[in-house]
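Enquirer: work19.cif is reproduced in full below (mmCIF, C-alpha atoms and all ligand atoms).
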```cif
data_protein
#
loop_
_atom_site.group_PDB
_atom_site.id
_atom_site.type_symbol
_atom_site.label_atom_id
_atom_site.label_comp_id
_atom_site.auth_asym_id
_atom_site.auth_seq_id
_atom_site.Cartn_x
_atom_site.Cartn_y
_atom_site.Cartn_z
ATOM 1 C CA MET A 198 -22.412 -0.341 16.357
ATOM 2 C CA TRP A 199 -21.438 -3.525 14.548
ATOM 3 C CA ASP A 200 -23.920 -5.484 16.685
ATOM 4 C CA GLY A 201 -26.629 -2.968 15.885
ATOM 5 C CA THR A 202 -27.128 -2.342 19.605
ATOM 6 C CA ASN A 203 -25.544 1.117 19.769
ATOM 7 C CA PRO A 204 -27.985 3.945 18.962
ATOM 8 C CA GLU A 205 -25.036 6.084 17.815
ATOM 9 C CA GLY A 206 -24.840 4.194 14.548
ATOM 10 C CA ILE A 207 -27.737 3.977 12.152
ATOM 11 C CA PHE A 208 -27.325 1.403 9.390
ATOM 12 C CA PRO A 209 -27.095 1.293 6.416
ATOM 13 C CA MET A 210 -23.884 3.295 6.506
ATOM 14 C CA ILE A 211 -20.116 3.014 6.269
ATOM 15 C CA ILE A 212 -18.472 3.236 9.707
ATOM 16 C CA GLY A 213 -15.065 4.802 10.439
ATOM 17 C CA HIS A 214 -14.590 8.269 11.939
ATOM 18 C CA GLU A 215 -10.917 8.041 12.958
ATOM 19 C CA TRP A 216 -8.931 8.194 9.769
ATOM 20 C CA ALA A 217 -6.316 9.772 7.546
ATOM 21 C CA GLY A 218 -5.877 9.664 3.798
ATOM 22 C CA GLU A 219 -4.762 11.357 0.612
ATOM 23 C CA VAL A 220 -6.760 13.880 -1.411
ATOM 24 C CA ILE A 221 -7.551 12.438 -4.854
ATOM 25 C CA GLU A 222 -9.912 15.075 -6.212
ATOM 26 C CA VAL A 223 -11.407 18.368 -4.963
ATOM 27 C CA GLY A 224 -14.683 20.129 -5.718
ATOM 28 C CA SER A 225 -14.724 23.338 -7.791
ATOM 29 C CA GLY A 226 -15.100 25.594 -4.733
ATOM 30 C CA VAL A 227 -12.201 24.073 -2.789
ATOM 31 C CA THR A 228 -9.045 26.191 -2.658
ATOM 32 C CA ARG A 229 -7.419 25.086 0.603
ATOM 33 C CA PHE A 230 -6.636 21.520 -0.477
ATOM 34 C CA LYS A 231 -5.244 19.882 -3.580
ATOM 35 C CA PRO A 232 -4.724 16.340 -4.854
ATOM 36 C CA GLY A 233 -1.780 14.572 -3.257
ATOM 37 C CA GLN A 234 -2.142 16.318 0.082
ATOM 38 C CA ARG A 235 -2.368 14.116 3.176
ATOM 39 C CA VAL A 236 -5.357 14.969 5.360
ATOM 40 C CA LEU A 237 -7.369 13.879 8.379
ATOM 41 C CA GLY A 238 -10.876 14.932 9.315
ATOM 42 C CA GLU A 239 -13.069 15.947 12.200
ATOM 43 C CA CYS A 240 -16.073 13.757 12.871
ATOM 44 C CA GLY A 241 -18.870 16.236 13.627
ATOM 45 C CA ILE A 242 -19.858 18.879 11.090
ATOM 46 C CA ALA A 243 -21.539 22.032 12.396
ATOM 47 C CA CYS A 244 -24.368 23.890 10.647
ATOM 48 C CA HIS A 245 -22.957 27.350 11.531
ATOM 49 C CA MET A 246 -26.562 28.633 11.794
ATOM 50 C CA CYS A 247 -28.128 27.375 15.048
ATOM 51 C CA SER A 248 -27.941 29.152 18.404
ATOM 52 C CA LYS A 249 -25.191 26.793 19.673
ATOM 53 C CA CYS A 250 -23.025 27.419 16.606
ATOM 54 C CA LYS A 251 -23.649 31.170 16.857
ATOM 55 C CA ALA A 252 -22.598 31.051 20.519
ATOM 56 C CA GLY A 253 -19.262 29.582 19.452
ATOM 57 C CA TYR A 254 -19.666 26.000 20.627
ATOM 58 C CA PRO A 255 -17.868 23.223 18.722
ATOM 59 C CA ALA A 256 -19.740 21.002 16.252
ATOM 60 C CA GLU A 257 -20.510 18.394 18.937
ATOM 61 C CA TYR A 258 -23.013 20.835 20.453
ATOM 62 C CA CYS A 259 -24.621 21.912 17.158
ATOM 63 C CA GLU A 260 -28.373 21.293 16.962
ATOM 64 C CA ASN A 261 -28.039 20.070 13.365
ATOM 65 C CA ALA A 262 -24.668 18.330 13.576
ATOM 66 C CA ARG A 263 -23.897 15.629 11.040
ATOM 67 C CA TYR A 264 -21.388 12.909 11.853
ATOM 68 C CA TYR A 265 -19.126 11.221 9.323
ATOM 69 C CA GLY A 266 -19.007 7.497 9.987
ATOM 70 C CA PHE A 267 -22.326 7.459 11.822
ATOM 71 C CA MET A 268 -24.930 8.292 9.186
ATOM 72 C CA THR A 269 -25.957 7.083 5.743
ATOM 73 C CA GLU A 270 -25.543 10.477 4.060
ATOM 74 C CA THR A 271 -22.115 11.132 5.637
ATOM 75 C CA PRO A 272 -20.248 7.832 5.141
ATOM 76 C CA GLY A 273 -17.165 6.925 7.137
ATOM 77 C CA ALA A 274 -13.652 5.879 6.240
ATOM 78 C CA MET A 275 -13.708 2.088 6.198
ATOM 79 C CA ALA A 276 -13.483 2.212 2.432
ATOM 80 C CA GLU A 277 -10.920 2.881 -0.270
ATOM 81 C CA TYR A 278 -12.531 6.222 -1.120
ATOM 82 C CA GLN A 279 -14.553 8.705 0.899
ATOM 83 C CA THR A 280 -16.132 12.042 0.111
ATOM 84 C CA PHE A 281 -15.592 14.644 2.816
ATOM 85 C CA ILE A 282 -16.435 18.273 3.421
ATOM 86 C CA ALA A 283 -13.315 20.467 3.050
ATOM 87 C CA GLU A 284 -14.063 22.701 6.051
ATOM 88 C CA ALA A 285 -13.496 19.794 8.459
ATOM 89 C CA LEU A 286 -10.116 18.698 7.046
ATOM 90 C CA TYR A 287 -6.640 19.264 8.462
ATOM 91 C CA GLU A 288 -3.327 18.756 6.731
ATOM 92 C CA VAL A 289 -1.472 15.810 8.292
ATOM 93 C CA PRO A 290 1.804 16.971 9.915
ATOM 94 C CA GLN A 291 4.816 15.872 7.876
ATOM 95 C CA GLU A 292 6.280 13.740 10.676
ATOM 96 C CA PHE A 293 3.085 11.672 11.042
ATOM 97 C CA SER A 294 2.439 8.397 9.258
ATOM 98 C CA PHE A 295 -1.165 7.758 8.159
ATOM 99 C CA ASP A 296 -1.507 5.353 11.103
ATOM 100 C CA GLU A 297 -0.436 8.040 13.598
ATOM 101 C CA ALA A 298 -2.679 10.599 11.931
ATOM 102 C CA SER A 299 -5.669 8.284 12.353
ATOM 103 C CA LEU A 300 -5.141 8.545 16.128
ATOM 104 C CA VAL A 301 -5.688 12.313 16.253
ATOM 105 C CA GLU A 302 -9.486 12.082 16.664
ATOM 106 C CA PRO A 303 -9.528 9.654 19.634
ATOM 107 C CA VAL A 304 -6.464 11.255 21.267
ATOM 108 C CA SER A 305 -8.192 14.646 20.977
ATOM 109 C CA ILE A 306 -10.979 13.327 23.219
ATOM 110 C CA ALA A 307 -8.444 12.349 25.882
ATOM 111 C CA PHE A 308 -6.625 15.656 25.391
ATOM 112 C CA ASN A 309 -9.862 17.578 25.805
ATOM 113 C CA SER A 310 -10.733 15.571 28.928
ATOM 114 C CA VAL A 311 -7.461 16.485 30.604
ATOM 115 C CA TYR A 312 -6.817 20.029 29.385
ATOM 116 C CA GLU A 313 -10.303 21.500 28.832
ATOM 117 C CA ALA A 314 -12.798 19.594 30.990
ATOM 118 C CA GLY A 315 -10.188 18.574 33.596
ATOM 119 C CA SER A 316 -8.636 22.085 33.793
ATOM 120 C CA GLY A 317 -5.195 20.713 32.932
ATOM 121 C CA VAL A 318 -2.678 18.599 34.804
ATOM 122 C CA THR A 319 0.574 19.356 36.647
ATOM 123 C CA SER A 320 3.279 17.242 38.258
ATOM 124 C CA LEU A 321 1.484 17.732 41.594
ATOM 125 C CA ASP A 322 -1.689 15.969 40.447
ATOM 126 C CA ARG A 323 -2.625 12.474 41.564
ATOM 127 C CA VAL A 324 -4.641 11.175 38.650
ATOM 128 C CA LEU A 325 -6.961 8.177 38.640
ATOM 129 C CA ILE A 326 -8.060 6.797 35.277
ATOM 130 C CA PHE A 327 -10.954 4.350 35.255
ATOM 131 C CA GLY A 328 -10.797 2.202 32.121
ATOM 132 C CA ALA A 329 -7.725 1.549 29.957
ATOM 133 C CA GLY A 330 -9.441 1.455 26.582
ATOM 134 C CA PRO A 331 -7.891 3.622 23.847
ATOM 135 C CA ILE A 332 -9.203 6.898 25.348
ATOM 136 C CA GLY A 333 -8.085 5.992 28.877
ATOM 137 C CA LEU A 334 -4.662 4.919 27.615
ATOM 138 C CA ALA A 335 -4.269 8.100 25.556
ATOM 139 C CA ALA A 336 -5.202 10.084 28.682
ATOM 140 C CA LEU A 337 -2.537 8.141 30.565
ATOM 141 C CA VAL A 338 0.182 9.202 28.112
ATOM 142 C CA ILE A 339 -1.010 12.828 28.346
ATOM 143 C CA VAL A 340 -1.098 12.756 32.151
ATOM 144 C CA LYS A 341 2.321 11.111 32.476
ATOM 145 C CA SER A 342 3.881 13.694 30.139
ATOM 146 C CA SER A 343 3.214 16.296 32.860
ATOM 147 C CA GLY A 344 4.985 14.253 35.519
ATOM 148 C CA ALA A 345 1.789 13.616 37.487
ATOM 149 C CA GLN A 346 1.145 10.367 39.348
ATOM 150 C CA ALA A 347 -1.175 8.097 37.348
ATOM 151 C CA VAL A 348 -3.188 5.213 38.793
ATOM 152 C CA VAL A 349 -5.206 3.121 36.345
ATOM 153 C CA ALA A 350 -8.175 0.907 37.263
ATOM 154 C CA GLU A 351 -8.846 -1.792 34.647
ATOM 155 C CA ILE A 352 -10.183 -5.355 34.734
ATOM 156 C CA ASN A 353 -8.845 -6.562 31.358
ATOM 157 C CA PRO A 354 -5.341 -8.115 31.793
ATOM 158 C CA TYR A 355 -4.283 -7.177 28.237
ATOM 159 C CA ARG A 356 -5.060 -3.530 28.905
ATOM 160 C CA GLN A 357 -3.583 -3.646 32.425
ATOM 161 C CA LYS A 358 -0.293 -4.590 30.792
ATOM 162 C CA MET A 359 -0.664 -1.831 28.178
ATOM 163 C CA ALA A 360 -1.218 0.708 30.977
ATOM 164 C CA LEU A 361 1.993 -0.402 32.698
ATOM 165 C CA ASP A 362 3.900 -0.268 29.395
ATOM 166 C CA LEU A 363 2.622 3.275 28.812
ATOM 167 C CA GLY A 364 3.885 4.471 32.189
ATOM 168 C CA ALA A 365 1.102 3.935 34.740
ATOM 169 C CA ASP A 366 2.526 4.173 38.269
ATOM 170 C CA GLU A 367 -0.013 1.711 39.617
ATOM 171 C CA VAL A 368 -2.652 -0.524 38.071
ATOM 172 C CA ILE A 369 -5.662 -1.646 40.108
ATOM 173 C CA ASP A 370 -7.825 -4.625 39.158
ATOM 174 C CA PRO A 371 -11.313 -3.676 40.422
ATOM 175 C CA ALA A 372 -12.465 -7.276 39.919
ATOM 176 C CA LYS A 373 -9.987 -8.408 42.578
ATOM 177 C CA GLU A 374 -9.235 -5.318 44.698
ATOM 178 C CA ASP A 375 -11.234 -2.512 46.274
ATOM 179 C CA PRO A 376 -10.391 0.509 44.098
ATOM 180 C CA THR A 377 -11.125 3.063 46.853
ATOM 181 C CA LYS A 378 -8.774 1.361 49.316
ATOM 182 C CA LYS A 379 -6.007 1.051 46.747
ATOM 183 C CA VAL A 380 -6.378 4.658 45.535
ATOM 184 C CA MET A 381 -6.115 5.926 49.113
ATOM 185 C CA GLU A 382 -3.070 3.734 49.685
ATOM 186 C CA TYR A 383 -1.347 4.941 46.503
ATOM 187 C CA THR A 384 -2.124 8.633 47.089
ATOM 188 C CA GLY A 385 -1.032 8.846 50.733
ATOM 189 C CA ASN A 386 -4.678 8.904 51.852
ATOM 190 C CA GLN A 387 -5.326 12.089 49.817
ATOM 191 C CA GLY A 388 -7.456 10.663 47.047
ATOM 192 C CA ALA A 389 -7.192 11.543 43.361
ATOM 193 C CA SER A 390 -7.065 15.251 42.488
ATOM 194 C CA LEU A 391 -8.204 14.410 38.955
ATOM 195 C CA ILE A 392 -10.356 11.427 37.993
ATOM 196 C CA LEU A 393 -10.896 10.555 34.335
ATOM 197 C CA GLU A 394 -13.834 8.165 34.092
ATOM 198 C CA CYS A 395 -13.264 6.368 30.786
ATOM 199 C CA SER A 396 -14.755 2.954 31.640
ATOM 200 C CA ALA A 397 -18.531 3.590 31.602
ATOM 201 C CA SER A 398 -18.667 0.971 34.355
ATOM 202 C CA ASN A 399 -21.314 1.274 37.076
ATOM 203 C CA GLN A 400 -18.827 0.058 39.673
ATOM 204 C CA ALA A 401 -16.324 2.779 38.729
ATOM 205 C CA ILE A 402 -18.909 5.538 38.813
ATOM 206 C CA GLU A 403 -20.331 4.327 42.134
ATOM 207 C CA SER A 404 -16.860 4.462 43.715
ATOM 208 C CA MET A 405 -15.507 7.647 42.125
ATOM 209 C CA LEU A 406 -16.693 10.020 44.856
ATOM 210 C CA ASP A 407 -14.919 7.889 47.463
ATOM 211 C CA CYS A 408 -11.691 8.133 45.454
ATOM 212 C CA VAL A 409 -11.725 11.889 44.797
ATOM 213 C CA ALA A 410 -9.520 14.278 46.785
ATOM 214 C CA MET A 411 -10.692 17.489 48.456
ATOM 215 C CA ARG A 412 -11.428 19.994 45.657
ATOM 216 C CA GLY A 413 -10.816 17.190 43.156
ATOM 217 C CA ARG A 414 -12.153 17.181 39.586
ATOM 218 C CA VAL A 415 -14.030 14.277 38.037
ATOM 219 C CA VAL A 416 -14.353 14.159 34.247
ATOM 220 C CA LEU A 417 -16.941 11.784 32.799
ATOM 221 C CA VAL A 418 -15.938 10.442 29.394
ATOM 222 C CA GLY A 419 -17.291 6.860 29.223
ATOM 223 C CA GLN A 420 -20.745 6.710 27.622
ATOM 224 C CA THR A 421 -23.491 5.727 30.077
ATOM 225 C CA LEU A 422 -26.467 7.378 28.382
ATOM 226 C CA GLY A 423 -29.743 5.559 29.089
ATOM 227 C CA ARG A 424 -28.492 4.082 32.372
ATOM 228 C CA LYS A 425 -29.192 5.356 35.891
ATOM 229 C CA ILE A 426 -26.245 4.811 38.212
ATOM 230 C CA PRO A 427 -26.669 5.413 41.960
ATOM 231 C CA ILE A 428 -24.029 7.670 43.506
ATOM 232 C CA GLU A 429 -23.968 9.475 46.836
ATOM 233 C CA ILE A 430 -23.895 12.932 45.284
ATOM 234 C CA GLY A 431 -23.690 14.684 48.681
ATOM 235 C CA LYS A 432 -20.037 13.630 48.897
ATOM 236 C CA THR A 433 -19.192 16.258 46.278
ATOM 237 C CA ILE A 434 -20.365 18.930 48.750
ATOM 238 C CA PHE A 435 -18.143 17.893 51.609
ATOM 239 C CA ARG A 436 -15.157 17.340 49.356
ATOM 240 C CA GLY A 437 -15.721 20.497 47.326
ATOM 241 C CA ALA A 438 -15.399 18.239 44.319
ATOM 242 C CA SER A 439 -16.662 18.958 40.824
ATOM 243 C CA ILE A 440 -18.012 16.615 38.181
ATOM 244 C CA ILE A 441 -17.941 17.614 34.524
ATOM 245 C CA GLY A 442 -18.939 15.791 31.360
ATOM 246 C CA ASN A 443 -16.864 15.696 28.201
ATOM 247 C CA HIS A 444 -17.247 14.192 24.761
ATOM 248 C CA GLY A 445 -14.354 15.781 22.992
ATOM 249 C CA SER A 446 -14.037 18.811 20.788
ATOM 250 C CA ALA A 447 -12.492 19.319 17.396
ATOM 251 C CA PHE A 448 -11.272 22.657 18.768
ATOM 252 C CA THR A 449 -8.444 20.698 20.400
ATOM 253 C CA PHE A 450 -7.190 18.986 17.191
ATOM 254 C CA ILE A 451 -4.373 21.510 16.671
ATOM 255 C CA ASN A 452 -2.978 21.120 20.190
ATOM 256 C CA THR A 453 -3.528 17.361 20.062
ATOM 257 C CA MET A 454 -1.374 17.155 16.928
ATOM 258 C CA ARG A 455 1.266 19.319 18.630
ATOM 259 C CA PHE A 456 1.202 17.030 21.653
ATOM 260 C CA MET A 457 1.485 13.909 19.493
ATOM 261 C CA SER A 458 4.510 15.366 17.643
ATOM 262 C CA GLN A 459 6.225 15.821 20.994
ATOM 263 C CA HIS A 460 5.176 12.462 22.476
ATOM 264 C CA THR A 461 5.580 9.814 19.817
ATOM 265 C CA ASP A 462 5.137 6.993 22.367
ATOM 266 C CA ILE A 463 1.409 7.592 21.887
ATOM 267 C CA THR A 464 1.663 5.391 18.769
ATOM 268 C CA LYS A 465 2.056 2.401 21.126
ATOM 269 C CA LEU A 466 -1.732 2.640 21.380
ATOM 270 C CA ILE A 467 -1.834 0.821 18.022
ATOM 271 C CA THR A 468 -1.548 -2.922 18.626
ATOM 272 C CA HIS A 469 -3.088 -4.404 15.472
ATOM 273 C CA ARG A 470 -3.256 -3.672 11.748
ATOM 274 C CA PHE A 471 -5.539 -5.345 9.206
ATOM 275 C CA PRO A 472 -6.264 -4.920 5.501
ATOM 276 C CA LEU A 473 -9.844 -3.864 4.765
ATOM 277 C CA GLU A 474 -10.737 -7.364 3.470
ATOM 278 C CA GLU A 475 -10.227 -8.674 7.024
ATOM 279 C CA ILE A 476 -12.681 -6.219 8.579
ATOM 280 C CA GLU A 477 -14.674 -8.964 10.279
ATOM 281 C CA GLU A 478 -11.622 -10.400 11.981
ATOM 282 C CA ALA A 479 -10.556 -6.881 13.021
ATOM 283 C CA LEU A 480 -13.945 -6.126 14.551
ATOM 284 C CA THR A 481 -13.880 -9.475 16.366
ATOM 285 C CA VAL A 482 -10.487 -8.644 17.901
ATOM 286 C CA GLY A 483 -11.828 -5.178 18.793
ATOM 287 C CA LYS A 484 -14.843 -6.658 20.517
ATOM 288 C CA SER A 485 -12.669 -9.085 22.514
ATOM 289 C CA GLY A 486 -10.874 -6.172 24.180
ATOM 290 C CA MET A 487 -7.536 -7.960 23.706
ATOM 291 C CA CYS A 488 -6.138 -4.986 21.816
ATOM 292 C CA GLY A 489 -5.386 -1.306 21.869
ATOM 293 C CA LYS A 490 -6.234 0.630 18.724
ATOM 294 C CA ILE A 491 -6.757 -1.382 15.562
ATOM 295 C CA VAL A 492 -5.801 0.265 12.278
ATOM 296 C CA MET A 493 -7.500 -0.774 9.032
ATOM 297 C CA ASN A 494 -5.376 -0.219 5.942
ATOM 298 C CA PRO A 495 -7.678 -0.062 2.868
HETATM 299 ZN ZN ZN B 1 -25.378 24.466 14.468
#
```
With the file now loaded, output its structure as structure tokens.
Ligand SMILES: [Zn+2]

Expert:
Amino acid sequence: MWDGTNPEGIFPMIIGHEWAGEVIEVGSGVTRFKPGQRVLGECGIACHMCSKCKAGYPAEYCENARYYGFMTETPGAMAEYQTFIAEALYEVPQEFSFDEASLVEPVSIAFNSVYEAGSGVTSLDRVLIFGAGPIGLAALVIVKSSGAQAVVAEINPYRQKMALDLGADEVIDPAKEDPTKKVMEYTGNQGASLILECSASNQAIESMLDCVAMRGRVVLVGQTLGRKIPIEIGKTIFRGASIIGNHGSAFTFINTMRFMSQHTDITKLITHRFPLEEIEEALTVGKSGMCGKIVMNP
């Protein structure tokens, strides 16, 4: 978005959709929140009128959804003050710092990938995570909390190390090793019963159907919109495998917060903190990939 090459972000606007803060003032119709309260917010705002909203889908599916931190008229949180619609706010759990609370939105995407799109995880699962960016790493913590085996494929050495620190059983470097061969070796030739594709890499997507177990589930999380990636789709038939897309849902915020209260090691996702004045340096570190989550403290 910073480069202006991502169609998700339309400038001029204020970015920042993963945040927490304190209520300073409320509008006349607001009764659920009061000044002094600590809050965090969803990103997508539903219209409550369209056919998708009426059918009970979350805001991400709404035909008229607005996104805070992505549009001029709904500015994001990289600022000292932000106006926000009350219906999309949650009270921050007492045990959370603001930094932890700012992780709820991205962790909810990982949580949704595992527990909604991925149909959950048990200690019997052999999980393969492509990509150890913040979502992949959050998924790793969620997967490991169930006792499942977790194999992570990642080319960035900084993030390979983070994956090991966060409990990955094995880390594969797809730039140096054949991921399919290694996955088969690590899973006793069974393949992965759950694959979380968080890398958006062509190479990962091309190999995922060779890594999946019989009746395995593949969840696509990494954004590849606008790109055609060749895969041998017939392999899903003979493996009885399923592929499902996921881009998160605010409906999982409550359970995500519950999970985070029980698994505080998730805060290890934060590797850097910057004051708002150093935004350019923070974005440069973010772009380098030599980091986990970066927190801006206005
Ligand atoms: Zn709608």

Enquirer: Which residue is closest to Leu466 in chain A? Choose from A:Asn494, A:Thr319, A:Thr433, A:Ser299 and count all atoms listed in the file.

Expert: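 Going through A:Asn494, A:Thr319, A:Thr433, A:Ser299 one by one, the smallest distance to Leu466 in chain A is for A:Ser299.
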
Enquirer: Expanded to explicit residues, what is the PyMOL selection byres (((not hetatm)) within 8 of (chain B and resi 1)) for this file, as number ranges by chain?

Expert: A: 243-251, 256, 258-262

Enquirer: Quick one: of A:Phe471, A:Tyr383, A:Phe327, A:Phe230, who's nearest to Val289 in chain A, counting only C-alpha atoms?

Expert: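 Closest to Val289 in chain A of all the choices is A:Phe230.
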
Enquirer: Let me know the residues the PyMOL selection byres (((chain A and resi 328-344) around 6) and not hetatm) catches in the file above, as an mmCIF file with C-alpha atoms, in the frame of the given file.

Expert:
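Result file is out-v7.cif:
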```cif
data_model
loop_
_atom_site.group_PDB
_atom_site.id
_atom_site.type_symbol
_atom_site.label_atom_id
_atom_site.label_comp_id
_atom_site.auth_asym_id
_atom_site.auth_seq_id
_atom_site.Cartn_x
_atom_site.Cartn_y
_atom_site.Cartn_z
ATOM 1 C CA VAL A 304 -6.464 11.255 21.267
ATOM 2 C CA ALA A 307 -8.444 12.349 25.882
ATOM 3 C CA THR A 319 0.574 19.356 36.647
ATOM 4 C CA SER A 320 3.279 17.242 38.258
ATOM 5 C CA PHE A 327 -10.954 4.350 35.255
ATOM 6 C CA ALA A 345 1.789 13.616 37.487
ATOM 7 C CA ALA A 350 -8.175 0.907 37.263
ATOM 8 C CA GLU A 351 -8.846 -1.792 34.647
ATOM 9 C CA ARG A 356 -5.060 -3.530 28.905
ATOM 10 C CA CYS A 395 -13.264 6.368 30.786
ATOM 11 C CA SER A 396 -14.755 2.954 31.640
ATOM 12 C CA GLY A 489 -5.386 -1.306 21.869
#
```

Enquirer: What residues come out when you apply the PyMOL selection byres (((chain A and resi 490) around 9) and not hetatm) to this file, written as a list in words?

Expert: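 Going through the file, the PyMOL selection byres (((chain A and resi 490) around 9) and not hetatm) ends up selecting Leu300, Gly330, Pro331, Lys465, Leu466, Ile467, Thr468, His469, Arg470, Gly483, Cys488, Gly489, Ile491 and Val492 of chain A.
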
Enquirer: I want to know what sits within 7 Å of range 276-287 of chain A, based on all atoms listed in the file, with residues of the same chain fewer than 6 positions away left out; could you give that as a PyMOL selection string?

Expert: chain A and resi 227+236-239+242+495

Enquirer: Closest to Asp322 in chain A among A:Ala274, A:Met268, A:Ala389, A:Val482, using all atoms listed in the file?

Expert: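 Once distances to Asp322 in chain A are computed over all atoms listed in the file, the minimum belongs to A:Ala389.
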
Enquirer: Smallest atom-to-atom distance to Phe267 in chain A: which of A:Asn203, A:Ser485, A:Ser225, A:Gln291, using only C-alpha atoms?

Expert: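 Of the candidates, the smallest distance to Phe267 in chain A is held by A:Asn203.
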
Enquirer: Considering all atoms listed in the file, give me a table of residues in range 333-425 of chain A that are at most 9 Å from range 443-449 of chain A, with the closest atom pair and distance in Å for each, as JSON lines.

Expert:
```
{"residue": "A:Val416", "atom": "CA", "partner": "A:Asn443", "partner_atom": "CA", "distance": 6.7}
{"residue": "A:Leu417", "atom": "CA", "partner": "A:Asn443", "partner_atom": "CA", "distance": 6.0}
{"residue": "A:Val418", "atom": "CA", "partner": "A:Asn443", "partner_atom": "CA", "distance": 5.5}
{"residue": "A:Gly419", "atom": "CA", "partner": "A:His444", "partner_atom": "CA", "distance": 8.6}
{"residue": "A:Gln420", "atom": "CA", "partner": "A:His444", "partner_atom": "CA", "distance": 8.7}
```

Enquirer: List the spatial neighbours of Val301 in chain A as a count of residues only - criterion: any atom at most 8 Å away, all atoms listed in the file, same-chain residues fewer than 2 positions off excluded.

Expert: 10

Enquirer: Would you please work out which residue, of A:Ser294, A:Thr202, A:Gln357, A:Thr271, is nearest to Glu219 in chain A when using all atoms listed in the file?

Expert: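 Closest candidate: A:Ser294.
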
Enquirer: A:Gly253, A:Pro427, A:Gly364, A:Gly218: which is nearest Gly233 in chain A, counting only C-alpha atoms?

Expert: A:Gly218

Enquirer: Would you list the residues near (2.7, 13.2, 17.7) (no more than 9 Å away, in the coordinates of the file, using all atoms listed in the file) as a compact mmCIF listing (two decimals) with C-alpha atoms, in the coordinates of the input?

Expert:
```
# COMPACT_ATOMS: atom_id res chain seq x y z
CA PRO A 290 1.80 16.97 9.91
CA GLU A 292 6.28 13.74 10.68
CA PHE A 293 3.08 11.67 11.04
CA GLU A 297 -0.44 8.04 13.60
CA ALA A 298 -2.68 10.60 11.93
CA VAL A 301 -5.69 12.31 16.25
CA THR A 453 -3.53 17.36 20.06
CA MET A 454 -1.37 17.16 16.93
CA ARG A 455 1.27 19.32 18.63
CA PHE A 456 1.20 17.03 21.65
CA MET A 457 1.48 13.91 19.49
CA SER A 458 4.51 15.37 17.64
CA GLN A 459 6.22 15.82 20.99
CA HIS A 460 5.18 12.46 22.48
CA THR A 461 5.58 9.81 19.82
CA ASP A 462 5.14 6.99 22.37
CA ILE A 463 1.41 7.59 21.89
CA THR A 464 1.66 5.39 18.77
```

Enquirer: Just to confirm, what's the straight-line distance from CA of Met411 in chain A to CA of Thr377 in chain A in Å (one decimal)?

Expert: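 Taking CA of Met411 in chain A and CA of Thr377 in chain A, their separation equals 14.5 Å.
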
Enquirer: I'd like the box whose edges run along x, y and z of the file and which contains every listed atom of range 288-301 of chain A, padded by 3 Å per side; could you state its centre and edge lengths in Å, one decimal, as JSON?

Expert:
```
{"center_x": 0.3, "center_y": 12.1, "center_z": 11.5, "size_x": 18.0, "size_y": 19.4, "size_z": 15.5}
```

Enquirer: Near Glu270 in chain A, counting only C-alpha atoms, which residues have an atom at most 10 Å away, once you skip same-chain residues fewer than 5 positions from it, shown as a ChimeraX atom specification?

Expert: /A:209-211,263-265

Enquirer: Step by step: start from the point (-3.4, 7.7, 50.7) in the file's coordinates, keep every protein, DNA or RNA residue that has an atom no farther than 10 Å from it, count only C-alpha atoms, and write the set as a count of residues only.

Expert: 15

Enquirer: With a distance cut-off of 8 Å and all atoms listed in the file, select the neighbouring residues of Gly315 in chain A, excluding the residue or stretch itself and same-chain residues fewer than 3 positions from it, and output the selection as a list in words.

Expert: Asn309, Ser310, Val311, Tyr312, Val318, Leu391, Arg414, Val415, Val416 and Ile441 of chain A

Enquirer: One decimal, Å: what's the distance from CA of Pro272 in chain A over to CA of Arg424 in chain A, could you say?

Expert: 28.7 Å
